[in-house]
Amino acid sequence: MNIKIGLPKFFIFIFISLFIVEVTFSQNWQFKKEEKGIRVYVRSLENSDNNLKELKITKMFRGDLNSIAAVLTDVSAYPNWVYKCAQAQTLKENSLWDIYFYSETKLPWPFQNRDVVLHSVMYMDDLGRLVSESKSVTGLEAKKKDIIRVPFLHSVWTFQPVGNGLIKMTYILNSEPGGNIPDWLVNLAVDEGPVQTVKKFLNLLGDKKYQLVNNETLSVPVGRQ
């Protein structure tokens, strides 16, 4: 197991669930909304050529790090929970915890689909948190006709056990979708897709397919390799 206000708003939250750009920032997070315990924050980015917002989502839930790792490493199943993901496939695997994969995101007509190639690594940090980090890369997959390649992406999932079976999740997204999309339009619904993605992710943790690993010891490396 590897382990729109109308149309514009619909369009934007489709690809925002996947896409993010690494930049230097200093502004504090601003609370935007809360939905069923899922808290959403945004902040502006410094030293950036655009006015896109960085996104953070937090959620406290009962769960198991083994199941979480199993879901995140099951790349081919991403269309089951990543919002509007049309397909996802592993391109190169250094290990179960260090992979390169391709993902395509569906957009409604007349807009073109987006795709991206990501280098994803998973590890346990020195605070005992499970971390899964993905960054966009070039050179592994040729660009496809009628699909816009996402120019920049950086996303980080962090899962911190806090006792009594509770886990604190933090999901940070920072992306540039590519193409001729005004920054203000992207920012208008920056949280919609990610919130839907988080909801489906949490529901999937209870799937028997991923519960089977609960009593096993997964050899997630300690420290980023």
# chains A, B, ... in the order shown; residues from 1 in each chain; ligands from 1

$ select_by_dssp --residues "range 104-191 of chain A" --states "strand (DSSP E or B)" --output "PyMOL selection string"
chain A and resi 104-105+113-124+130-136+147-149+152-163+166-176

$ closest_atom_pairs --of "range 17-127 of chain A" --to "range 166-171 of chain A" --cutoff "6 Å" --atoms "only C-alpha atoms" --output "CSV"
residue,atom,partner,partner_atom,distance
A:Lys56,CA,A:Tyr171,CA,5.6
A:Ile57,CA,A:Tyr171,CA,5.1
A:Thr58,CA,A:Thr170,CA,4.6
A:Lys59,CA,A:Met169,CA,5.2
A:Met60,CA,A:Lys168,CA,4.6
A:Phe61,CA,A:Ile167,CA,5.4
A:Arg62,CA,A:Leu166,CA,4.4

$ residues_around --residues "Pro151 in chain A" --least-positions-apart "3" --cutoff "9 Å" --atoms "only C-alpha atoms" --output "PDB file with N, CA and C atoms, in the first residue's frame"
ATOM      1  N   VAL A  21       2.895  28.664  -2.774  1.00  0.00           N
ATOM      2  CA  VAL A  21       4.280  29.006  -3.126  1.00  0.00           C
ATOM      3  C   VAL A  21       5.064  29.449  -1.899  1.00  0.00           C
ATOM      4  N   VAL A 116       0.310  19.332 -11.398  1.00  0.00           N
ATOM      5  CA  VAL A 116       1.514  19.658 -10.645  1.00  0.00           C
ATOM      6  C   VAL A 116       2.273  18.371 -10.353  1.00  0.00           C
ATOM      7  N   SER A 136       6.471  21.645  -5.077  1.00  0.00           N
ATOM      8  CA  SER A 136       6.457  21.449  -6.521  1.00  0.00           C
ATOM      9  C   SER A 136       7.874  21.322  -7.049  1.00  0.00           C
ATOM     10  N   VAL A 137       8.025  20.485  -8.089  1.00  0.00           N
ATOM     11  CA  VAL A 137       9.316  20.280  -8.740  1.00  0.00           C
ATOM     12  C   VAL A 137       9.106  20.271 -10.248  1.00  0.00           C
ATOM     13  N   ILE A 148      -2.754  23.458 -17.549  1.00  0.00           N
ATOM     14  CA  ILE A 148      -1.792  24.452 -17.062  1.00  0.00           C
ATOM     15  C   ILE A 148      -1.014  23.881 -15.890  1.00  0.00           C
ATOM     16  N   SER A 175       0.070  28.884  -2.381  1.00  0.00           N
ATOM     17  CA  SER A 175       0.234  28.493  -3.773  1.00  0.00           C
ATOM     18  C   SER A 175      -0.045  29.589  -4.770  1.00  0.00           C
ATOM     19  N   GLU A 176       0.435  29.337  -5.967  1.00  0.00           N
ATOM     20  CA  GLU A 176       0.129  30.173  -7.119  1.00  0.00           C
ATOM     21  C   GLU A 176      -0.427  29.246  -8.195  1.00  0.00           C
ATOM     22  N   PRO A 177      -1.675  29.435  -8.614  1.00  0.00           N
ATOM     23  CA  PRO A 177      -2.319  28.481  -9.512  1.00  0.00           C
ATOM     24  C   PRO A 177      -1.875  28.551 -10.965  1.00  0.00           C
ATOM     25  N   GLY A 178      -1.240  29.666 -11.374  1.00  0.00           N
ATOM     26  CA  GLY A 178      -0.851  29.800 -12.771  1.00  0.00           C
ATOM     27  C   GLY A 178      -2.014  30.269 -13.628  1.00  0.00           C
TER      28      GLY A 178
END

$ closest_residue --among "A:Val156, A:Val198, A:Val131, A:Leu173" --to "Leu45 in chain A" --atoms "only C-alpha atoms"
A:Leu173

$ closest_residue --among "A:Ser76, A:Asn174, A:Ser132, A:Thr158" --to "Asn51 in chain A" --atoms "only C-alpha atoms"
A:Asn174

$ select_by_dssp --residues "range 71-199 of chain A" --states "alpha helix (DSSP H)" --output "PyMOL selection string"
chain A and resi 71-72+183-188+192-199

$ write_last_selection --atoms "C-alpha atoms" --output "CSV table (one decimal), in the first residue's frame"
chain,number,residue,atom,x,y,z
A,71,VAL,CA,-4.1,7.8,4.1
A,72,LEU,CA,-1.4,10.4,3.1
A,183,ASP,CA,-5.2,37.5,-7.1
A,184,TRP,CA,-8.3,39.1,-5.6
A,185,LEU,CA,-10.4,36.4,-7.2
A,186,VAL,CA,-8.2,33.6,-5.8
A,187,ASN,CA,-8.3,35.2,-2.3
A,188,LEU,CA,-12.1,35.5,-2.4
A,192,GLU,CA,-13.4,26.6,0.3
A,193,GLY,CA,-11.6,23.7,-1.3
A,194,PRO,CA,-9.2,23.1,1.6
A,195,VAL,CA,-12.0,22.9,4.1
A,196,GLN,CA,-13.8,20.3,1.9
A,197,THR,CA,-10.6,18.4,1.6
A,198,VAL,CA,-10.0,18.3,5.3
A,199,LYS,CA,-13.5,17.1,6.0

$ closest_residue --among "A:Gln160, A:Ser219, A:Gln112, A:Gln211" --to "Asp126 in chain A" --atoms "only C-alpha atoms"
A:Gln160

$ atom_distance --atom1 "CA of Asn203 in chain A" --atom2 "CA of Val150 in chain A"
27.8 Å

$ residues_around --residues "Ser134 in chain A" --least-positions-apart "5" --cutoff "8 Å" --atoms "only C-alpha atoms" --output "ChimeraX atom specification"
/A:118-121,153-156

$ residues_around --residues "Asp125 in chain A" --least-positions-apart "3" --cutoff "7 Å" --atoms "only C-alpha atoms" --output "PDB file with C-alpha atoms, in the first residue's frame"
ATOM      1  CA  GLY A 128       6.876  13.813  18.216  1.00  0.00           C
ATOM      2  CA  ARG A 129       4.705  15.274  15.465  1.00  0.00           C
ATOM      3  CA  LEU A 130       3.949  13.520  12.180  1.00  0.00           C
ATOM      4  CA  VAL A 131       4.849  15.903   9.334  1.00  0.00           C
ATOM      5  CA  VAL A 222      12.636  10.407  12.678  1.00  0.00           C
ATOM      6  CA  GLY A 223      13.789  13.739  11.320  1.00  0.00           C
TER       7      GLY A 223
END

$ atom_distance --atom1 "CA of Trp97 in chain A" --atom2 "CA of Pro221 in chain A"
7.8 Å

$ residues_around --residues "Ala77 in chain A" --least-positions-apart "3" --cutoff "10 Å" --atoms "only C-alpha atoms" --output "PyMOL selection string"
chain A and resi 2-3+71-74+80-82+85+87-89

$ write_last_selection --atoms "all heavy atoms" --output "CSV table (one decimal), in the first residue's frame"
chain,number,residue,atom,x,y,z
A,2,ASN,N,0.8,2.1,-1.0
A,2,ASN,CA,1.4,3.4,-1.0
A,2,ASN,C,0.5,4.2,-0.2
A,2,ASN,O,-0.7,4.4,-0.5
A,2,ASN,CB,1.5,3.9,-2.5
A,2,ASN,CG,2.6,3.2,-3.3
A,2,ASN,OD1,3.5,2.8,-2.7
A,2,ASN,ND2,2.4,3.2,-4.6
A,3,ILE,N,1.7,3.3,1.3
A,3,ILE,CA,0.8,4.0,2.1
A,3,ILE,C,0.9,5.6,1.8
A,3,ILE,O,1.5,6.2,1.7
A,3,ILE,CB,0.8,3.6,3.5
A,3,ILE,CG1,2.0,3.6,4.4
A,3,ILE,CG2,0.1,2.4,3.7
A,3,ILE,CD1,1.5,3.3,5.8
A,71,VAL,N,-3.3,7.0,5.0
A,71,VAL,CA,-4.1,7.8,4.1
A,71,VAL,C,-3.2,8.7,3.2
A,71,VAL,O,-3.3,8.8,2.0
A,71,VAL,CB,-5.1,8.7,4.8
A,71,VAL,CG1,-5.8,9.6,3.9
A,71,VAL,CG2,-6.1,7.8,5.5
A,72,LEU,N,-2.3,9.4,3.8
A,72,LEU,CA,-1.4,10.4,3.1
A,72,LEU,C,-0.5,9.7,2.1
A,72,LEU,O,-0.1,10.3,1.1
A,72,LEU,CB,-0.6,11.2,4.1
A,72,LEU,CG,-1.5,12.2,4.9
A,72,LEU,CD1,-0.6,13.0,5.9
A,72,LEU,CD2,-2.2,13.2,4.0
A,73,THR,N,-0.1,8.5,2.4
A,73,THR,CA,0.8,7.8,1.5
A,73,THR,C,0.1,7.0,0.4
A,73,THR,O,0.7,6.5,-0.5
A,73,THR,CB,1.8,6.8,2.2
A,73,THR,OG1,1.0,5.9,3.0
A,73,THR,CG2,2.7,7.6,3.1
A,74,ASP,N,-1.2,6.9,0.4
A,74,ASP,CA,-2.0,6.2,-0.6
A,74,ASP,C,-2.3,7.2,-1.7
A,74,ASP,O,-3.5,7.6,-1.9
A,74,ASP,CB,-3.3,5.7,0.1
A,74,ASP,CG,-4.0,4.7,-0.8
A,74,ASP,OD1,-3.5,4.4,-1.9
A,74,ASP,OD2,-5.1,4.3,-0.5
A,80,ASN,N,-10.3,10.4,-4.0
A,80,ASN,CA,-11.4,10.1,-3.1
A,80,ASN,C,-11.7,11.2,-2.0
A,80,ASN,O,-12.7,11.2,-1.4
A,80,ASN,CB,-11.2,8.7,-2.4
A,80,ASN,CG,-11.2,7.6,-3.3
A,80,ASN,OD1,-11.8,7.6,-4.4
A,80,ASN,ND2,-10.5,6.5,-2.9
A,81,TRP,N,-10.6,12.0,-1.8
A,81,TRP,CA,-10.8,13.0,-0.8
A,81,TRP,C,-10.2,14.4,-1.1
A,81,TRP,O,-10.7,15.4,-0.5
A,81,TRP,CB,-10.2,12.5,0.6
A,81,TRP,CG,-8.8,12.2,0.5
A,81,TRP,CD1,-8.2,11.0,0.1
A,81,TRP,CD2,-7.7,13.0,1.0
A,81,TRP,NE1,-6.8,11.1,0.3
A,81,TRP,CE2,-6.5,12.3,0.8
A,81,TRP,CE3,-7.6,14.3,1.6
A,81,TRP,CZ2,-5.2,12.8,1.2
A,81,TRP,CZ3,-6.4,14.8,2.0
A,81,TRP,CH2,-5.2,14.0,1.8
A,82,VAL,N,-9.2,14.5,-1.9
A,82,VAL,CA,-8.7,15.8,-2.3
A,82,VAL,C,-9.6,16.5,-3.3
A,82,VAL,O,-10.0,15.9,-4.3
A,82,VAL,CB,-7.3,15.7,-2.9
A,82,VAL,CG1,-6.8,17.0,-3.4
A,82,VAL,CG2,-6.3,15.1,-1.9
A,85,CYS,N,-9.8,16.5,-7.3
A,85,CYS,CA,-8.6,15.8,-7.9
A,85,CYS,C,-9.1,14.8,-8.9
A,85,CYS,O,-9.8,13.9,-8.6
A,85,CYS,CB,-7.8,15.1,-6.8
A,85,CYS,SG,-6.4,14.2,-7.3
A,87,GLN,N,-6.9,12.9,-11.0
A,87,GLN,CA,-6.0,11.8,-10.9
A,87,GLN,C,-4.8,12.1,-10.1
A,87,GLN,O,-4.4,13.2,-10.0
A,87,GLN,CB,-5.6,11.3,-12.3
A,87,GLN,CG,-4.9,12.4,-13.1
A,87,GLN,CD,-4.2,11.8,-14.4
A,87,GLN,OE1,-3.6,10.8,-14.3
A,87,GLN,NE2,-4.4,12.5,-15.5
A,88,ALA,N,-4.2,11.0,-9.6
A,88,ALA,CA,-2.9,11.2,-8.9
A,88,ALA,C,-2.1,9.9,-9.0
A,88,ALA,O,-2.7,8.8,-8.8
A,88,ALA,CB,-3.2,11.5,-7.4
A,89,GLN,N,-0.9,10.0,-9.3
A,89,GLN,CA,-0.1,8.8,-9.5
A,89,GLN,C,1.4,9.0,-9.1
A,89,GLN,O,1.9,10.1,-9.3
A,89,GLN,CB,-0.1,8.3,-10.9
A,89,GLN,CG,0.4,9.3,-11.9
A,89,GLN,CD,0.2,8.7,-13.4
A,89,GLN,OE1,-0.6,7.8,-13.6
A,89,GLN,NE2,1.0,9.3,-14.3

$ atom_distance --atom1 "CA of Glu104 in chain A" --atom2 "CA of Val40 in chain A"
24.7 Å

$ closest_residue --among "A:Lys53, A:Leu202, A:Leu96, A:Lys208" --to "Lys36 in chain A" --atoms "only C-alpha atoms"
A:Leu202

$ residues_around --residues "Leu91 in chain A" --least-positions-apart "5" --cutoff "7 Å" --atoms "only C-alpha atoms" --output "short mmCIF file (atom, residue, chain, number, x, y, z; two decimals) with C-alpha atoms, in the first residue's frame"
data_model
loop_
_atom_site.label_atom_id
_atom_site.label_comp_id
_atom_site.auth_asym_id
_atom_site.auth_seq_id
_atom_site.Cartn_x
_atom_site.Cartn_y
_atom_site.Cartn_z
CA TYR A 100 7.43 12.20 -6.30
CA PHE A 101 3.89 12.20 -7.62
CA TYR A 102 1.71 13.79 -10.28
#

$ closest_residue --among "A:Gly179, A:Gly206, A:Pro108, A:Gly63" --to "Arg149 in chain A" --atoms "only C-alpha atoms"
A:Gly179

$ decode --residues "range 42-68 of chain A" --atoms "N, CA, C and O atoms" --output "compact mmCIF listing (two decimals), in the first residue's frame"
# COMPACT_ATOMS: atom_id res chain seq x y z
N VAL A 42 -5.81 33.20 7.55
CA VAL A 42 -5.07 33.64 6.37
C VAL A 42 -4.07 34.71 6.78
O VAL A 42 -4.19 35.32 7.85
N ARG A 43 -3.07 34.92 5.94
CA ARG A 43 -2.15 36.04 6.14
C ARG A 43 -1.54 36.43 4.81
O ARG A 43 -1.43 35.62 3.88
N SER A 44 -1.15 37.69 4.73
CA SER A 44 -0.50 38.19 3.53
C SER A 44 0.95 37.74 3.50
O SER A 44 1.54 37.39 4.53
N LEU A 45 1.54 37.76 2.32
CA LEU A 45 2.90 37.30 2.12
C LEU A 45 3.82 38.45 1.76
O LEU A 45 3.48 39.28 0.93
N GLU A 46 4.97 38.49 2.41
CA GLU A 46 5.96 39.50 2.08
C GLU A 46 6.92 38.95 1.03
O GLU A 46 7.05 37.75 0.84
N ASN A 47 7.61 39.86 0.34
CA ASN A 47 8.61 39.50 -0.66
C ASN A 47 8.02 38.61 -1.74
O ASN A 47 8.67 37.70 -2.25
N SER A 48 6.75 38.85 -2.09
CA SER A 48 6.08 38.08 -3.12
C SER A 48 5.71 38.99 -4.27
O SER A 48 5.45 40.18 -4.09
N ASP A 49 5.67 38.41 -5.48
CA ASP A 49 5.31 39.19 -6.66
C ASP A 49 3.81 39.27 -6.85
O ASP A 49 3.33 39.87 -7.81
N ASN A 50 3.04 38.66 -5.96
CA ASN A 50 1.59 38.70 -6.08
C ASN A 50 0.97 39.04 -4.74
O ASN A 50 1.66 39.24 -3.74
N ASN A 51 -0.35 39.13 -4.72
CA ASN A 51 -1.08 39.47 -3.49
C ASN A 51 -1.88 38.28 -2.96
O ASN A 51 -2.88 38.46 -2.27
N LEU A 52 -1.44 37.09 -3.27
CA LEU A 52 -2.15 35.90 -2.80
C LEU A 52 -1.98 35.71 -1.30
O LEU A 52 -0.97 36.10 -0.72
N LYS A 53 -2.97 35.10 -0.68
CA LYS A 53 -2.96 34.85 0.75
C LYS A 53 -2.45 33.44 1.05
O LYS A 53 -2.72 32.50 0.31
N GLU A 54 -1.73 33.31 2.14
CA GLU A 54 -1.36 31.99 2.65
C GLU A 54 -2.49 31.53 3.57
O GLU A 54 -3.13 32.33 4.25
N LEU A 55 -2.72 30.23 3.60
CA LEU A 55 -3.84 29.67 4.34
C LEU A 55 -3.36 28.70 5.41
O LEU A 55 -2.42 27.95 5.21
N LYS A 56 -4.02 28.74 6.56
CA LYS A 56 -3.77 27.75 7.62
C LYS A 56 -5.11 27.22 8.11
O LYS A 56 -6.04 28.00 8.37
N ILE A 57 -5.19 25.90 8.26
CA ILE A 57 -6.39 25.27 8.80
C ILE A 57 -5.99 24.41 9.99
O ILE A 57 -5.00 23.67 9.92
N THR A 58 -6.72 24.53 11.08
CA THR A 58 -6.44 23.71 12.26
C THR A 58 -7.70 22.94 12.65
O THR A 58 -8.82 23.38 12.41
N LYS A 59 -7.49 21.78 13.28
CA LYS A 59 -8.60 20.96 13.73
C LYS A 59 -8.11 20.01 14.81
O LYS A 59 -7.04 19.41 14.69
N MET A 60 -8.87 19.87 15.88
CA MET A 60 -8.59 18.89 16.92
C MET A 60 -9.53 17.71 16.71
O MET A 60 -10.74 17.89 16.54
N PHE A 61 -8.97 16.49 16.72
CA PHE A 61 -9.81 15.31 16.51
C PHE A 61 -9.17 14.09 17.15
O PHE A 61 -8.00 14.10 17.50
N ARG A 62 -9.98 13.05 17.31
CA ARG A 62 -9.47 11.79 17.82
C ARG A 62 -9.00 10.96 16.64
O ARG A 62 -9.73 10.79 15.66
N GLY A 63 -7.78 10.44 16.74
CA GLY A 63 -7.25 9.69 15.61
C GLY A 63 -6.00 8.93 15.97
O GLY A 63 -5.60 8.85 17.13
N ASP A 64 -5.40 8.35 14.97
CA ASP A 64 -4.23 7.50 15.12
C ASP A 64 -3.22 7.87 14.06
O ASP A 64 -3.55 7.98 12.88
N LEU A 65 -1.97 8.09 14.46
CA LEU A 65 -0.95 8.52 13.51
C LEU A 65 -0.71 7.48 12.41
O LEU A 65 -0.39 7.84 11.27
N ASN A 66 -0.86 6.19 12.74
CA ASN A 66 -0.68 5.16 11.72
C ASN A 66 -1.70 5.31 10.60
O ASN A 66 -1.37 5.21 9.41
N SER A 67 -2.96 5.52 10.96
CA SER A 67 -4.01 5.68 9.96
C SER A 67 -3.77 6.94 9.13
O SER A 67 -3.98 6.95 7.91
N ILE A 68 -3.36 8.00 9.78
CA ILE A 68 -3.08 9.25 9.08
C ILE A 68 -1.98 9.04 8.04
O ILE A 68 -2.09 9.45 6.88
